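Student: So I've got this file, data-v5.tsv, and it contains TSV, C-alpha atoms:
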```
chain	number	residue	atom	x	y	z
A	1	MET	CA	-17.78	-52.72	-19.93
A	2	SER	CA	-17.46	-50.53	-16.83
A	3	THR	CA	-15.91	-47.08	-17.02
A	4	GLN	CA	-12.20	-46.97	-16.17
A	5	LEU	CA	-11.37	-44.60	-13.32
A	6	ASP	CA	-8.32	-43.01	-14.88
A	7	GLU	CA	-6.89	-39.67	-15.94
A	8	TYR	CA	-8.95	-39.66	-19.14
A	9	LEU	CA	-12.15	-39.95	-17.12
A	10	GLU	CA	-11.02	-37.06	-14.90
A	11	ALA	CA	-10.33	-35.00	-18.00
A	12	GLU	CA	-13.73	-35.89	-19.51
A	13	ILE	CA	-15.51	-34.86	-16.33
A	14	GLN	CA	-13.59	-31.58	-16.14
A	15	SER	CA	-14.54	-30.95	-19.74
A	16	LEU	CA	-18.20	-31.76	-19.02
A	17	LEU	CA	-18.23	-29.30	-16.11
A	18	THR	CA	-16.47	-26.60	-18.10
A	19	ASP	CA	-18.01	-26.84	-21.55
A	20	GLY	CA	-21.61	-27.58	-20.67
A	21	ARG	CA	-24.23	-25.34	-19.16
A	22	ILE	CA	-22.74	-25.86	-15.70
A	23	ALA	CA	-19.69	-23.67	-16.47
A	24	GLU	CA	-17.84	-24.55	-13.25
A	25	LEU	CA	-14.09	-24.38	-13.72
A	26	GLY	CA	-13.17	-24.74	-10.07
A	27	ILE	CA	-14.41	-28.25	-9.27
A	28	THR	CA	-11.71	-30.74	-8.27
A	29	VAL	CA	-11.97	-34.40	-9.24
A	30	HIS	CA	-9.98	-37.02	-7.32
A	31	ARG	CA	-9.97	-40.80	-7.68
A	32	ARG	CA	-10.29	-42.72	-4.41
A	33	GLU	CA	-10.26	-46.49	-4.93
A	34	HIS	CA	-13.49	-47.18	-6.85
A	35	GLN	CA	-15.00	-43.73	-6.26
A	36	LEU	CA	-14.66	-40.27	-7.74
A	37	VAL	CA	-14.59	-37.48	-5.15
A	38	LEU	CA	-15.78	-34.05	-6.28
A	39	GLY	CA	-14.56	-31.01	-4.33
A	40	GLY	CA	-14.66	-27.23	-4.46
A	41	GLU	CA	-17.40	-24.69	-3.89
A	42	VAL	CA	-20.29	-23.37	-5.97
A	43	GLU	CA	-22.77	-20.53	-5.56
A	44	SER	CA	-25.96	-22.52	-4.98
A	45	PRO	CA	-27.24	-25.98	-3.95
A	46	LEU	CA	-28.95	-26.19	-7.34
A	47	ARG	CA	-25.55	-26.02	-9.09
A	48	ARG	CA	-24.05	-28.65	-6.82
A	49	ASP	CA	-26.96	-31.00	-7.48
A	50	GLU	CA	-26.80	-30.33	-11.22
A	51	ILE	CA	-23.09	-31.20	-11.31
A	52	CYS	CA	-23.76	-34.58	-9.69
A	53	ARG	CA	-26.80	-35.18	-11.89
A	54	GLN	CA	-24.88	-34.52	-15.11
A	55	ILE	CA	-21.96	-36.75	-14.12
A	56	ASN	CA	-24.30	-39.52	-13.02
A	57	SER	CA	-26.22	-39.25	-16.24
A	58	ARG	CA	-23.06	-39.40	-18.42
A	59	PHE	CA	-21.24	-42.06	-16.35
A	60	PRO	CA	-24.01	-44.08	-14.63
A	61	ASP	CA	-21.65	-46.84	-13.43
A	62	VAL	CA	-19.22	-44.45	-11.68
A	63	GLU	CA	-19.71	-43.97	-7.95
A	64	ILE	CA	-19.59	-40.26	-7.11
A	65	VAL	CA	-18.86	-38.75	-3.69
A	66	CYS	CA	-19.93	-35.12	-3.64
A	67	ASP	CA	-17.89	-32.94	-1.28
A	68	ILE	CA	-18.85	-29.73	-3.07
A	69	GLY	CA	-19.73	-26.92	-0.67
A	70	ILE	CA	-21.81	-23.77	-1.07
A	71	THR	CA	-19.80	-20.58	-0.63
A	72	ARG	CA	-21.04	-18.53	2.30
A	73	ALA	CA	-22.38	-15.05	1.52
A	74	ASP	CA	-22.56	-13.35	4.91
A	75	ALA	CA	-21.57	-9.74	5.55
A	76	PRO	CA	-18.01	-9.29	6.85
A	77	SER	CA	-17.29	-8.45	10.48
A	78	GLU	CA	-13.83	-6.96	9.96
A	79	VAL	CA	-12.09	-4.29	7.94
A	80	GLU	CA	-8.49	-4.54	6.74
A	81	GLU	CA	-6.46	-1.37	6.83
A	82	ILE	CA	-4.23	-1.10	3.77
A	83	SER	CA	-0.95	0.68	4.39
B	1	MET	CA	-10.67	7.53	5.16
B	2	ILE	CA	-12.19	5.50	2.32
B	3	ARG	CA	-13.67	2.04	2.77
B	4	ILE	CA	-13.77	-0.20	-0.27
B	5	ALA	CA	-15.91	-3.32	-0.38
B	6	ALA	CA	-14.76	-5.88	-2.91
B	7	VAL	CA	-15.68	-9.32	-4.23
B	8	GLY	CA	-15.26	-11.23	-7.48
B	9	ASP	CA	-16.45	-14.39	-9.16
B	10	VAL	CA	-20.02	-14.25	-7.91
B	11	HIS	CA	-21.28	-16.00	-11.09
B	12	VAL	CA	-24.85	-14.76	-10.73
B	13	ASP	CA	-27.74	-16.54	-12.41
B	14	LYS	CA	-31.36	-16.98	-11.36
B	15	ASP	CA	-30.40	-19.55	-8.73
B	16	VAL	CA	-28.19	-17.03	-6.89
B	17	LEU	CA	-30.77	-14.23	-6.66
B	18	GLY	CA	-31.23	-13.24	-3.03
B	19	ARG	CA	-28.11	-14.98	-1.68
B	20	PHE	CA	-25.94	-11.83	-1.55
B	21	ARG	CA	-28.67	-9.27	-1.08
B	22	PRO	CA	-29.00	-9.38	2.74
B	23	ALA	CA	-25.28	-8.69	3.15
B	24	LEU	CA	-25.32	-6.11	0.37
B	25	GLU	CA	-28.14	-4.21	2.07
B	26	GLU	CA	-25.73	-3.67	5.00
B	27	LEU	CA	-22.92	-2.51	2.71
B	28	PRO	CA	-23.59	1.25	2.87
B	29	ASP	CA	-23.00	1.08	6.64
B	30	ARG	CA	-19.65	-0.65	6.10
B	31	ALA	CA	-18.15	0.79	2.91
B	32	ASP	CA	-18.27	3.73	0.50
B	33	VAL	CA	-18.03	1.83	-2.75
B	34	LEU	CA	-18.28	-1.73	-4.06
B	35	LEU	CA	-15.72	-3.05	-6.56
B	36	VAL	CA	-16.46	-6.34	-8.32
B	37	ALA	CA	-13.51	-8.15	-9.90
B	38	GLY	CA	-15.20	-9.89	-12.82
B	39	ASP	CA	-17.06	-13.12	-13.46
B	40	LEU	CA	-20.29	-11.41	-12.59
B	41	THR	CA	-22.25	-14.08	-14.50
B	42	ARG	CA	-22.02	-17.78	-15.34
B	43	HIS	CA	-22.14	-17.68	-19.14
B	44	GLY	CA	-22.17	-13.97	-19.96
B	45	THR	CA	-25.79	-13.88	-21.14
B	46	VAL	CA	-27.99	-10.79	-21.09
B	47	GLU	CA	-30.42	-12.53	-18.74
B	48	GLU	CA	-27.62	-13.29	-16.28
B	49	ALA	CA	-26.39	-9.70	-16.52
B	50	ARG	CA	-29.90	-8.59	-15.53
B	51	CYS	CA	-29.76	-10.98	-12.57
B	52	PHE	CA	-26.43	-9.45	-11.51
B	53	ALA	CA	-27.88	-5.95	-11.82
B	54	THR	CA	-30.86	-6.98	-9.69
B	55	GLU	CA	-28.67	-8.54	-7.01
B	56	PHE	CA	-25.84	-5.98	-6.95
B	57	GLY	CA	-27.51	-2.80	-8.20
B	58	GLY	CA	-29.31	-0.02	-6.34
B	59	LEU	CA	-27.16	-0.32	-3.23
B	60	GLY	CA	-26.86	3.35	-2.37
B	61	VAL	CA	-23.10	3.28	-3.00
B	62	PRO	CA	-21.29	3.31	-6.36
B	63	VAL	CA	-20.69	-0.13	-7.90
B	64	VAL	CA	-17.68	-0.45	-10.21
B	65	THR	CA	-16.83	-3.67	-12.04
B	66	VAL	CA	-14.66	-5.26	-14.67
B	67	LEU	CA	-15.82	-8.27	-16.66
B	68	GLY	CA	-14.27	-11.72	-16.34
B	69	ASN	CA	-13.75	-14.64	-18.70
B	70	HIS	CA	-17.20	-16.08	-17.84
B	71	ASP	CA	-18.77	-12.77	-18.88
B	72	HIS	CA	-17.23	-13.30	-22.34
B	73	GLN	CA	-18.47	-16.89	-22.76
B	74	SER	CA	-21.48	-15.98	-24.94
B	75	ASP	CA	-19.59	-13.31	-26.94
B	76	LEU	CA	-22.15	-10.80	-25.64
B	77	GLN	CA	-19.81	-8.70	-23.51
B	78	SER	CA	-20.97	-5.45	-25.13
B	79	ARG	CA	-24.63	-6.22	-24.36
B	80	VAL	CA	-23.70	-7.35	-20.85
B	81	THR	CA	-21.90	-4.04	-20.36
B	82	GLU	CA	-24.93	-2.13	-21.67
B	83	VAL	CA	-27.31	-3.90	-19.30
B	84	LEU	CA	-25.06	-3.16	-16.34
B	85	THR	CA	-24.46	0.45	-17.35
B	86	GLU	CA	-28.21	1.02	-17.77
B	87	SER	CA	-28.58	-0.21	-14.18
B	88	GLY	CA	-26.14	2.40	-12.90
B	89	ILE	CA	-23.17	0.03	-12.61
B	90	THR	CA	-19.83	1.25	-13.97
B	91	VAL	CA	-17.97	-1.27	-16.12
B	92	LEU	CA	-14.28	-0.57	-16.71
B	93	GLU	CA	-12.24	-2.01	-19.58
B	94	GLY	CA	-9.02	-0.15	-20.08
B	95	ASP	CA	-10.36	3.02	-18.52
B	96	ALA	CA	-10.79	4.64	-15.14
B	97	THR	CA	-13.32	6.41	-12.97
B	98	VAL	CA	-12.85	8.87	-10.13
B	99	LEU	CA	-15.23	8.88	-7.18
B	100	GLU	CA	-15.55	11.71	-4.64
B	101	LEU	CA	-15.88	10.05	-1.25
B	102	HIS	CA	-15.76	11.98	2.05
B	103	GLY	CA	-13.74	14.75	0.44
B	104	HIS	CA	-11.23	12.28	-1.03
B	105	ARG	CA	-10.83	11.34	-4.67
B	106	LEU	CA	-10.72	7.58	-5.22
B	107	GLY	CA	-9.44	6.58	-8.64
B	108	VAL	CA	-10.27	3.12	-9.95
B	109	ALA	CA	-8.66	1.85	-13.14
B	110	GLY	CA	-9.84	-1.48	-14.46
B	111	VAL	CA	-9.33	-4.08	-17.11
B	112	LYS	CA	-10.32	-7.72	-17.39
B	113	GLY	CA	-6.71	-8.74	-17.93
B	114	PHE	CA	-5.53	-11.97	-19.49
B	115	GLY	CA	-3.23	-14.95	-18.91
B	116	GLY	CA	0.40	-15.36	-19.86
B	117	GLY	CA	2.20	-16.48	-16.73
B	118	PHE	CA	4.86	-15.09	-14.47
B	119	ALA	CA	8.62	-14.62	-14.49
B	120	GLY	CA	10.44	-17.82	-15.29
B	121	ALA	CA	7.31	-19.62	-16.49
B	122	CYS	CA	5.51	-17.40	-18.93
B	123	ALA	CA	4.44	-17.53	-22.54
B	124	SER	CA	6.61	-15.64	-25.03
B	125	ASN	CA	5.77	-13.59	-28.06
B	126	PHE	CA	7.47	-16.11	-30.37
B	127	GLY	CA	6.68	-18.89	-32.80
B	128	GLU	CA	3.22	-19.73	-34.07
B	129	ARG	CA	0.82	-16.93	-34.93
B	130	GLU	CA	-1.59	-18.29	-32.30
B	131	MET	CA	1.06	-17.94	-29.58
B	132	LYS	CA	1.98	-14.44	-30.71
B	133	ASP	CA	-1.72	-13.52	-30.69
B	134	PHE	CA	-2.06	-14.89	-27.15
B	135	VAL	CA	0.89	-12.97	-25.73
B	136	GLY	CA	0.06	-9.96	-27.89
B	137	THR	CA	-3.35	-9.83	-26.20
B	138	THR	CA	-1.68	-10.00	-22.77
B	139	GLU	CA	0.60	-7.09	-23.64
B	140	VAL	CA	-2.15	-4.91	-25.12
B	141	VAL	CA	-4.40	-5.46	-22.13
B	142	ALA	CA	-1.62	-4.67	-19.65
B	143	ARG	CA	-0.71	-1.50	-21.54
B	144	LYS	CA	-4.36	-0.40	-21.35
B	145	LEU	CA	-4.31	-0.88	-17.59
B	146	GLN	CA	-1.08	1.10	-17.24
B	147	ASP	CA	-2.43	3.96	-19.37
B	148	ALA	CA	-5.67	4.00	-17.38
B	149	LEU	CA	-3.82	4.06	-14.05
B	150	LEU	CA	-1.54	6.87	-15.18
B	151	SER	CA	-4.49	8.90	-16.50
B	152	VAL	CA	-6.00	9.36	-13.04
B	153	GLN	CA	-5.38	12.17	-10.56
B	154	ALA	CA	-6.62	10.90	-7.21
B	155	ASP	CA	-5.84	10.73	-3.50
B	156	ALA	CA	-5.92	6.94	-3.67
B	157	LEU	CA	-5.61	4.74	-6.73
B	158	VAL	CA	-6.95	1.19	-7.04
B	159	ALA	CA	-6.31	-1.29	-9.86
B	160	LEU	CA	-9.22	-3.64	-10.53
B	161	THR	CA	-8.69	-6.73	-12.70
B	162	HIS	CA	-10.14	-10.19	-13.08
B	163	TYR	CA	-6.85	-11.96	-13.86
B	164	ALA	CA	-4.08	-11.97	-11.25
B	165	PRO	CA	-1.13	-9.55	-11.45
B	166	VAL	CA	1.14	-11.62	-9.17
B	167	PRO	CA	1.68	-15.33	-8.45
B	168	ASP	CA	1.47	-14.83	-4.64
B	169	THR	CA	-2.32	-14.88	-4.70
B	170	LEU	CA	-2.40	-18.06	-6.80
B	171	LEU	CA	-0.88	-20.22	-4.07
B	172	GLY	CA	-3.18	-23.22	-3.76
B	173	GLU	CA	-3.86	-23.42	-7.49
B	174	PRO	CA	-2.06	-26.07	-9.57
B	175	LEU	CA	1.23	-24.60	-10.87
B	176	GLU	CA	0.37	-25.90	-14.33
B	177	ILE	CA	-2.51	-23.44	-14.74
B	178	TYR	CA	-0.77	-20.27	-13.49
B	179	PRO	CA	-0.35	-18.99	-17.07
B	180	PHE	CA	-4.15	-19.15	-17.46
B	181	LEU	CA	-4.76	-17.27	-14.21
B	182	GLY	CA	-2.73	-14.13	-14.69
B	183	CYS	CA	0.42	-12.49	-15.98
B	184	TYR	CA	3.36	-10.45	-14.76
B	185	GLN	CA	2.56	-7.68	-17.26
B	186	LEU	CA	-0.44	-6.65	-15.14
B	187	GLY	CA	1.82	-6.38	-12.08
B	188	ARG	CA	4.29	-4.27	-14.03
B	189	ALA	CA	1.46	-1.94	-15.10
B	190	ILE	CA	0.30	-1.60	-11.51
B	191	ASP	CA	3.84	-0.80	-10.37
B	192	ALA	CA	4.20	1.87	-13.06
B	193	ALA	CA	1.61	4.05	-11.28
B	194	PRO	CA	1.17	5.20	-7.66
B	195	THR	CA	-1.28	2.37	-7.00
B	196	ALA	CA	-2.43	1.92	-3.41
B	197	LEU	CA	-4.22	-1.40	-3.82
B	198	ALA	CA	-4.73	-4.03	-6.53
B	199	LEU	CA	-7.81	-6.25	-6.47
B	200	HIS	CA	-8.44	-9.31	-8.62
B	201	GLY	CA	-10.46	-12.53	-8.76
B	202	HIS	CA	-10.38	-15.60	-11.06
B	203	ALA	CA	-8.25	-17.86	-8.81
B	204	HIS	CA	-10.89	-19.73	-6.80
B	205	HIS	CA	-8.34	-21.93	-5.05
B	206	GLY	CA	-5.74	-19.20	-4.56
B	207	ALA	CA	-4.63	-17.18	-1.55
B	208	GLU	CA	-5.97	-13.81	-0.46
B	209	ARG	CA	-2.84	-11.73	-0.03
B	210	GLY	CA	0.19	-10.80	-2.05
B	211	ARG	CA	2.34	-7.88	-3.20
B	212	THR	CA	3.68	-6.77	-6.53
B	213	PRO	CA	7.47	-6.63	-6.96
B	214	GLY	CA	7.08	-2.85	-6.44
B	215	GLY	CA	5.33	-3.38	-3.09
B	216	VAL	CA	1.69	-2.71	-3.97
B	217	PRO	CA	-0.69	-4.78	-1.82
B	218	VAL	CA	-2.66	-7.29	-3.92
B	219	ARG	CA	-5.85	-8.95	-2.73
B	220	ASN	CA	-7.58	-11.90	-4.41
B	221	VAL	CA	-11.25	-11.25	-3.67
B	222	ALA	CA	-12.67	-14.26	-5.53
B	223	HIS	CA	-15.77	-15.25	-3.59
B	224	PRO	CA	-14.57	-18.83	-2.90
B	225	VAL	CA	-11.36	-17.34	-1.44
B	226	ILE	CA	-12.87	-14.70	0.87
B	227	LYS	CA	-15.87	-16.89	1.77
B	228	GLN	CA	-18.18	-13.99	2.57
B	229	ALA	CA	-20.27	-11.58	0.52
B	230	TYR	CA	-17.43	-9.04	0.27
B	231	ASN	CA	-14.28	-7.90	2.01
B	232	VAL	CA	-13.75	-4.33	3.22
B	233	TYR	CA	-10.44	-2.50	2.81
B	234	GLN	CA	-9.66	0.84	4.40
B	235	LEU	CA	-7.49	3.40	2.63
B	236	LEU	CA	-6.33	6.86	3.66
B	237	SER	CA	-6.88	6.11	7.33
B	238	GLU	CA	-6.73	9.08	9.67
B	239	ASP	CA	-8.74	7.44	12.42
B	240	VAL	CA	-8.71	3.68	12.46
B	241	ASP	CA	-11.59	1.96	14.21
B	242	LEU	CA	-9.54	-0.57	16.16
B	243	GLU	CA	-12.55	-2.72	16.91
B	244	LEU	CA	-13.07	-3.33	13.22
B	245	VAL	CA	-9.49	-3.61	12.01
B	246	ALA	CA	-8.32	-7.20	11.66
B	247	THR	CA	-5.16	-8.02	13.55
```
Could you spell out this file's structure in structure tokens?
Tutor:
Amino acid sequence: MSTQLDEYLEAEIQSLLTDGRIAELGITVHRREHQLVLGGEVESPLRRDEICRQINSRFPDVEIVCDIGITRADAPSEVEEIS
Amino acid sequence: MIRIAAVGDVHVDKDVLGRFRPALEELPDRADVLLVAGDLTRHGTVEEARCFATEFGGLGVPVVTVLGNHDHQSDLQSRVTEVLTESGITVLEGDATVLELHGHRLGVAGVKGFGGGFAGACASNFGEREMKDFVGTTEVVARKLQDALLSVQADALVALTHYAPVPDTLLGEPLEIYPFLGCYQLGRAIDAAPTALALHGHAHHGAERGRTPGGVPVRNVAHPVIKQAYNVYQLLSEDVDLELVAT
């Protein structure tokens, strides 16, 4: 039986990302037709790849689209004056 | 003039080592101090705390932090604090530090903070013991922040928390989770003192700018919000470098 793409699956994936060794609380999960779209940003490509790997491993029949970005870490070019 | 660099939610582990360092090496040319608004690590392990100290320590400017909820995940927050302190990083939790910078005294009072929600949609100290414990924690933590802020004599006073003191900087987050992102009691504590600036993290999908009901500027410096290694804020400006000030 194939995995239902429903709210319970979304909740299970959020729980997997939160409770496991990934510890990412800021990943969004949206259902788009027969796919699950992951969004948000993480601190390294390794973490992004690990998120997709863990979801694929737990739900092998679910098609994942990974839109997770890596947060930039450049020095700022501006200063804000607080008054 | 004092320039404060700030960031939060950097979630350092081995895989992040070296990502921030190039920008941090430039920090002493851009700011006088670095404040980090919690979630220094992923799971709050000692090893991750060492990674944070390696990445964010030894900058040539003072580094002052609070812990975040991630730094409590392994129940090792005391050891995490020790590792950071041994590396020369100041960790605040219900206390304050005063830094002498260019002849000015910068006071920083910090606390991790806690959830609870905001006016009209907040948890109350009523009912089950678990709920009273939850809100009781919120109130104790906010009182610690207020006491710390009021204990400081400084030319400029900054409140540093992980949880948000106002809902303004949560815009973009689902409304349903606001009570887990911050509480009005922190804002009230900040307004009870002559605070010049309040910095927090935790809300990765939130907005950068807000104000407390008392008018104190609030900035959400969570790394996914500011999208750079740190922001720089200028206080006590006598001479503003117009080329660097954002319009």
Student: So the first atom is atom CA of Thr137 of chain B and the second is atom CA of Asp95 of chain B; what is the distance between them in Å, to one decimal place?
Tutor: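 One can read the atom CA of Thr137 of chain B to atom CA of Asp95 of chain B distance as 16.5 Å.
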Student: Can you find the residues with an atom no farther than 10 Å from (-19.8, -23.3, 4.1), counting all atoms listed in the file, and report them as a list in words?
Tutor: Glu41, Ile68, Gly69, Ile70, Thr71, Arg72 and Ala73 of chain A; Pro224, Lys227 and Gln228 of chain B
Student: Just to confirm, what's the straight-line distance from atom CA of Glu43 of chain A to atom CA of Arg19 of chain B in Å (one decimal)?
Tutor: 8.6 Å
Student: In terms of the shortest atom-to-atom distance over all atoms listed in the file, which of B:Val10, B:Ala148, B:Val218, B:Ala159 is closest to Val42 of chain A?
Tutor: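 For Val42 of chain A, the nearest of the candidates is B:Val10.
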Student: Taking into account all atoms listed in the file, which residue in the set B:Asp71, B:Glu139, B:Glu55, B:Asp9 is nearest to Ile89 of chain B?
Tutor: B:Glu55
Student: Residues of chain B no more than 9 Å from chain A, counting all atoms listed in the file: send them over as a short mmCIF file (atom, residue, chain, number, x, y, z; two decimals) with C-alpha atoms, in the coordinates of the input.
Tutor:
```cif
data_model
loop_
_atom_site.label_atom_id
_atom_site.label_comp_id
_atom_site.auth_asym_id
_atom_site.auth_seq_id
_atom_site.Cartn_x
_atom_site.Cartn_y
_atom_site.Cartn_z
CA ARG B 3 -13.67 2.04 2.77
CA VAL B 10 -20.02 -14.25 -7.91
CA HIS B 11 -21.28 -16.00 -11.09
CA VAL B 12 -24.85 -14.76 -10.73
CA ASP B 15 -30.40 -19.55 -8.73
CA VAL B 16 -28.19 -17.03 -6.89
CA ARG B 19 -28.11 -14.98 -1.68
CA PHE B 20 -25.94 -11.83 -1.55
CA ARG B 21 -28.67 -9.27 -1.08
CA PRO B 22 -29.00 -9.38 2.74
CA ALA B 23 -25.28 -8.69 3.15
CA LEU B 24 -25.32 -6.11 0.37
CA GLU B 26 -25.73 -3.67 5.00
CA LEU B 27 -22.92 -2.51 2.71
CA ARG B 30 -19.65 -0.65 6.10
CA ARG B 42 -22.02 -17.78 -15.34
CA HIS B 43 -22.14 -17.68 -19.14
CA HIS B 70 -17.20 -16.08 -17.84
CA ALA B 196 -2.43 1.92 -3.41
CA LEU B 197 -4.22 -1.40 -3.82
CA ALA B 203 -8.25 -17.86 -8.81
CA HIS B 204 -10.89 -19.73 -6.80
CA HIS B 205 -8.34 -21.93 -5.05
CA PRO B 217 -0.69 -4.78 -1.82
CA HIS B 223 -15.77 -15.25 -3.59
CA PRO B 224 -14.57 -18.83 -2.90
CA LYS B 227 -15.87 -16.89 1.77
CA GLN B 228 -18.18 -13.99 2.57
CA ALA B 229 -20.27 -11.58 0.52
CA TYR B 230 -17.43 -9.04 0.27
CA ASN B 231 -14.28 -7.90 2.01
CA VAL B 232 -13.75 -4.33 3.22
CA TYR B 233 -10.44 -2.50 2.81
CA GLN B 234 -9.66 0.84 4.40
CA LEU B 235 -7.49 3.40 2.63
CA LEU B 236 -6.33 6.86 3.66
CA SER B 237 -6.88 6.11 7.33
CA VAL B 240 -8.71 3.68 12.46
CA ASP B 241 -11.59 1.96 14.21
CA GLU B 243 -12.55 -2.72 16.91
CA LEU B 244 -13.07 -3.33 13.22
CA VAL B 245 -9.49 -3.61 12.01
CA ALA B 246 -8.32 -7.20 11.66
CA THR B 247 -5.16 -8.02 13.55
#
```
Student: Atom CA of Asp13 of chain B and atom CA of His200 of chain B, how far apart in Å?
Tutor: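 Separating atom CA of His200 of chain B from atom CA of Asp13 of chain B is a distance of 21.0 Å.
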Student: Could you tell me which of B:Phe180, B:Ala207, B:Val108, B:Thr45 comes closest to Val64 of chain B if we count only C-alpha atoms?
Tutor: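 Of B:Phe180, B:Ala207, B:Val108, B:Thr45, the one nearest Val64 of chain B is B:Val108, counting only C-alpha atoms.
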Student: Between B:Pro62, B:Pro179, B:Gly116, B:Gly88, which is the closest to Phe134 of chain B once you count only C-alpha atoms?
Tutor: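 Between B:Pro62, B:Pro179, B:Gly116, B:Gly88, the residue approaching Phe134 of chain B most closely is B:Gly116.
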